[in-house]
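A.B. asks: If you scroll down you'll find the structure; I have some questions about it.
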Amino acid sequence: MHSIVKQKNQKPDEILVRIANYVFDYKIESKEALETAKYCLIDTLGCGLEALDYPACVRHLGPTVPGSIIPNGTKIPGTNFQLDPINGAFNIGAMIRWLDFNDTWLAAEWGHPSDNLGGILAVADWISRTNVSNKKTPLQMKVVLEAMIKAHEIQGIIALENSFNRVGLDHVVLVKIATTAVVSQMLGASKEQIIDALSNAWVDGQSLRTYRHAPNTGSRKSWAAGDATSRGVRLALMVMKGEMGYPTALSAKGWGFYDVLFNGKSFKFKQDFGSYVMENVLFKISFPAEFHAQTAVECALTLHKKELHKIDEAEKIDLIERIDITTHESAIRIIDKTGPLNNPADRDHCIQYMVAIALLKGNLTAQDYEDEVANDPRIDILRAKMRCNEKKQFTLDYLDPSKRSIANAVQIFYKDGSQSKLVEVEYPVGHKLRRSEGIPKLIQKFKNNLSKQFDEKQSSRIVEKSLDNKILEKIPVNEYVDMYWKG
């Protein structure tokens with residue numbers, strides 16, 4: 001069957017070829033990208049370790065069939081599990097995405113490019129352990145960092161001009177595409193095989209955004225990326241065994257991705273693949289909050305310090321007439337929510353809830369989305385007084401590639417005619433323009449997450465091996481992962 005397709009000499013869709021050429025030929029020379037990838041690696045793994053404190057996440061982890069043992073398998077950080085690379089990718093991917101605390105990319109489409117680490121690390125670890133068992137050389141961590149840069153780039157550049165959420169598709173489709181591409185290359189695929197694997201990923205069923213929106217908001221949004229990155233690994237492995245591809249998976253008239261799922265439109269691109277996305281990625285450093293709300297929470301923290309004496313009790317909250325949240329269009333479309341919030345997945349995608357918590361507590365943690373906090377009646381009283389309004393300039397600056405701001409402003413108005421100061425924050429602490437401020441906080445976040453799972457000696461060893469690129473890049477992948485394993 002495969003040979004029949006080849007005999008027709010179908011020309012593969014351009015985007016399949018562009019991605020394959022990039023993954024196969026492009027050399028990572030940007031020191032900034034490699035340095036940022038190091039911080040992305042530790043932050044992402046730290047997010048996964050923190051998620052292990054949540055039973056709702058842990059119950060998804062482990063082998064599909066209890067008791068299964070995979071020789072030379074992927075080791076799952078913070079656990080004693082050793083799994084096949086497909087399930088390993090799901091486990092790692094679910095952990096790092098569970099608390100909505102890993103990196104973010106915002107454009108016409110948004111998403112979390114470090115979700116791809118699930119597939120990248122799982123495959124790199126499995127390859128390395130297999131190589132060692134066969135007396136061959138394991139992969140070094142530089143391979144992981146370079147694969148992260150390329151996965152970030154594929155997901156992020158496609159997202160710049162192409163909105164999947166507007167046609168009801170979830171952004172994890174881009175995780176599956178990026179993982180498929182870089183994992184295929186790691187497995188030794190030719191350009192033709194990378195194209196075949198990518199075509200299968202586009203033909204594959206794509207996730208709907210149903211689980212991110214009322215009335216169906218639910219925990220699937222916390223493991224959807226794990227599912228996507230693991231699917232990318234599976235498709236890459238299938239093609240490496242000789243599975244055929246579908247050259248016009250995107251453009252085929254009537255049956256291709258464009259006609260079936262993208263309103264007949266083909267993808268648009270304004271720039272080539274390089275290392276732009278990793279260099280400009282947004283880190284979630286301060287709060288486990290949907291990124292469009294990060295600066296709104298910063299604003300609320302400032303107001304907490306100045307206005308707490310007016311809002312810390314229910315009877316004082318009654319003095320408030322309204323709270324204005326000035327924001328950008330994407331935030332209104334995604335996280336402007338009224339009415340009941342049924343679970344943590346609902347709450348961490350509600351800008352009003354996040355602002356209310358920050359106003360009341362002067363902080364926002366993952367625990368604040370749980371029922372015991374959400375039952376505080378003051379939260380819904382404050383939410384009912386909030387109004388979200390779009391500021392056109394905020395929207396324009398959000399989409400401007402030279403800015404990529406995520407601006408929000410918050411102001412409180414009282415019934416006596418007085419009002420708080422208008423607090424506006426244009427760039428969150430995780431933005432490239434605030435790197436010098438953000439990186440020390442990111443490192444501390446990593447150390448805090450390590451301390452939740454490992455003793456001081458082990459935590460210090462991981463930090464020592466992780467923060468110097470010259471050391472990190474040369475460590476065999478299996479040895480690096482071993483430092484995180486509890487077997």
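Within each chain, counting starts at residue 1; across the structure tokens, chains are named A, B, ... in the order shown, with ligands numbered 1 upward in that order.
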Can you list every residue in stretch 315-351 of chain A that DSSP puts in strand (DSSP E), as a ChimeraX atom specification?
C.D. replies: /A:320-327
A.B. asks: Determine, counting only C-alpha atoms, which protein, DNA and RNA residues have an atom within 7 Å of an atom of A:Val425; residues of the same chain fewer than 2 positions away are not included. Present the result as a PyMOL selection string.
C.D. replies: chain A and resi 295+299+407-409+423+427
A.B. asks: From the options A:Ile92, A:Ile406, A:Ala236, A:Ala147, which residue's atoms come nearest to A:Ile76, counting only C-alpha atoms?
C.D. replies: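 Selected residue with least distance to A:Ile76: A:Ile92.
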A.B. asks: What lies within 9 Å of A:Ala124 using only C-alpha atoms, ignoring chain neighbours under 3 positions off, as a ChimeraX atom specification?
C.D. replies: /A:74,85,119-121,127-129,138-141,143-144,183,186-187,477-478
A.B. asks: How would the residues just chosen look if you wrote them out with C-alpha atoms as a JSON list (two decimals), in the first residue's frame?
C.D. replies:
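Final output, saved to again.json:
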[["chain", "number", "residue", "atom", "x", "y", "z"],
["A", 74, "THR", "CA", 11.39, 5.70, 30.78],
["A", 85, "PRO", "CA", 8.03, 5.68, 26.18],
["A", 119, "GLY", "CA", 7.46, 13.08, 24.75],
["A", 120, "ILE", "CA", 10.98, 14.46, 24.38],
["A", 121, "LEU", "CA", 12.26, 13.37, 27.77],
["A", 127, "ILE", "CA", 16.83, 5.57, 23.91],
["A", 128, "SER", "CA", 19.64, 6.28, 26.36],
["A", 129, "ARG", "CA", 18.85, 3.32, 28.63],
["A", 138, "PRO", "CA", 23.53, 7.35, 25.63],
["A", 139, "LEU", "CA", 22.13, 10.67, 24.46],
["A", 140, "GLN", "CA", 23.31, 13.80, 26.23],
["A", 141, "MET", "CA", 21.01, 16.41, 27.72],
["A", 143, "VAL", "CA", 19.81, 16.67, 22.66],
["A", 144, "VAL", "CA", 16.85, 17.29, 24.98],
["A", 183, "VAL", "CA", 10.68, 12.65, 18.38],
["A", 186, "MET", "CA", 15.44, 11.66, 17.72],
["A", 187, "LEU", "CA", 14.50, 8.13, 16.63],
["A", 477, "VAL", "CA", 19.97, 11.75, 29.76],
["A", 478, "ASN", "CA", 19.51, 8.57, 31.80]]
A.B. asks: Please measure the separation of atom CA of A:Lys136 and atom CA of A:Tyr480, giving the value in Å to one decimal.
C.D. replies: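 Computing the Euclidean distance for atom CA of A:Lys136 and atom CA of A:Tyr480 yields 17.2 Å.
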A.B. asks: Give me the stretch 292-344 of chain A side of the contact with stretch 164-168 of chain A, cut-off 12 Å, one line per residue showing its nearest atom pair and distance in Å at one decimal, counting only C-alpha atoms, sorted by chain and residue number, as CSV.
C.D. replies:
residue,atom,partner,partner_atom,distance
A:Ser330,CA,A:Asn165,CA,10.6
A:Arg333,CA,A:Arg166,CA,10.0
A:Ile334,CA,A:Asn165,CA,9.7
A.B. asks: Using only C-alpha atoms, can you tell me which of A:Met278, A:Leu360, A:Val65, A:Leu382 comes closest to A:Ile320?
C.D. replies: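 Of the candidates, the smallest distance to A:Ile320 is held by A:Leu382.
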A.B. asks: Excluding same-chain residues fewer than 6 positions from A:Thr210, what lies within 10 Å of it counting only C-alpha atoms, as a short mmCIF file (atom, residue, chain, number, x, y, z; two decimals) with C-alpha atoms, in the first residue's frame?
C.D. replies:
data_model
loop_
_atom_site.label_atom_id
_atom_site.label_comp_id
_atom_site.auth_asym_id
_atom_site.auth_seq_id
_atom_site.Cartn_x
_atom_site.Cartn_y
_atom_site.Cartn_z
CA GLY A 168 -13.38 24.86 18.31
CA LEU A 169 -10.13 22.87 18.35
CA ASP A 170 -7.88 22.68 21.36
CA ASN A 216 -18.22 21.05 30.59
CA THR A 217 -15.04 22.46 32.14
CA GLY A 218 -13.15 19.56 33.64
CA ARG A 220 -9.23 16.60 31.06
CA LYS A 221 -7.63 19.97 30.36
#
A.B. asks: Would you list the contacts of stretch 388-402 of chain A as a PyMOL selection string, taking every protein, DNA or RNA residue within 9 Å and counting only C-alpha atoms, but skipping same-chain residues closer than 6 positions in sequence?
C.D. replies: chain A and resi 106-108+160+323-332+336+351-352+408+426
A.B. asks: Please write the residues from the selection above to a file, keeping C-alpha atoms, as a tab-separated table (two decimals), in the first residue's frame.
C.D. replies:
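Printed below is part-v2.tsv as written:
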chain	number	residue	atom	x	y	z
A	106	LEU	CA	0.31	33.62	23.38
A	107	ALA	CA	-0.60	34.60	19.84
A	108	ALA	CA	-3.53	33.90	17.49
A	160	LEU	CA	1.40	33.08	15.57
A	323	ILE	CA	-14.49	46.36	40.34
A	324	ASP	CA	-13.35	47.09	36.79
A	325	ILE	CA	-10.95	44.70	35.06
A	326	THR	CA	-9.58	46.25	31.88
A	327	THR	CA	-8.09	43.58	29.65
A	328	HIS	CA	-7.52	42.30	26.11
A	329	GLU	CA	-9.87	40.44	23.78
A	330	SER	CA	-8.40	36.98	24.26
A	331	ALA	CA	-8.84	37.17	28.02
A	332	ILE	CA	-12.49	38.11	27.63
A	336	ASP	CA	-14.28	36.05	31.61
A	351	ILE	CA	-10.18	35.92	35.78
A	352	GLN	CA	-12.71	37.15	38.34
A	408	ASN	CA	-4.44	44.09	32.52
A	426	GLU	CA	1.66	45.52	30.96
A.B. asks: Would you mind reading off the distance between atom CA of A:Tyr246 and atom CA of A:Ser275, one decimal, in Å?
C.D. replies: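 Separating atom CA of A:Tyr246 from atom CA of A:Ser275 is a distance of 28.2 Å.
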A.B. asks: Could you pull the residues within 7 Å of A:Pro12, counting only C-alpha atoms, minus those fewer than 3 positions along the same chain, as a ChimeraX atom specification?
C.D. replies: /A:16-17,247-248
A.B. asks: So that I have them on file, write out the residues from the current selection with C-alpha atoms, as a short mmCIF file (atom, residue, chain, number, x, y, z; two decimals), in the first residue's frame.
C.D. replies:
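Written out: again-v4.cif:
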data_model
loop_
_atom_site.label_atom_id
_atom_site.label_comp_id
_atom_site.auth_asym_id
_atom_site.auth_seq_id
_atom_site.Cartn_x
_atom_site.Cartn_y
_atom_site.Cartn_z
CA LEU A 16 4.96 19.15 6.23
CA VAL A 17 8.11 19.70 4.20
CA PRO A 247 1.14 13.57 1.61
CA THR A 248 -1.87 15.91 1.26
#
A.B. asks: When you count only C-alpha atoms, which of these residues is closest to A:Thr44: A:Val429, A:Ile443, A:Ala249, A:Leu341?
C.D. replies: A:Ile443
A.B. asks: As an exercise, work out the distance from atom CA of A:Leu83 to atom CA of A:Gly46 in Å and give it to one decimal place.
C.D. replies: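 These atoms are spaced 20.1 Å apart.
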A.B. asks: Nearest residue to A:Asp125 out of A:Asp227, A:Glu464, A:Glu290, A:Asp84, using only C-alpha atoms?
C.D. replies: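 Closest candidate: A:Asp84.
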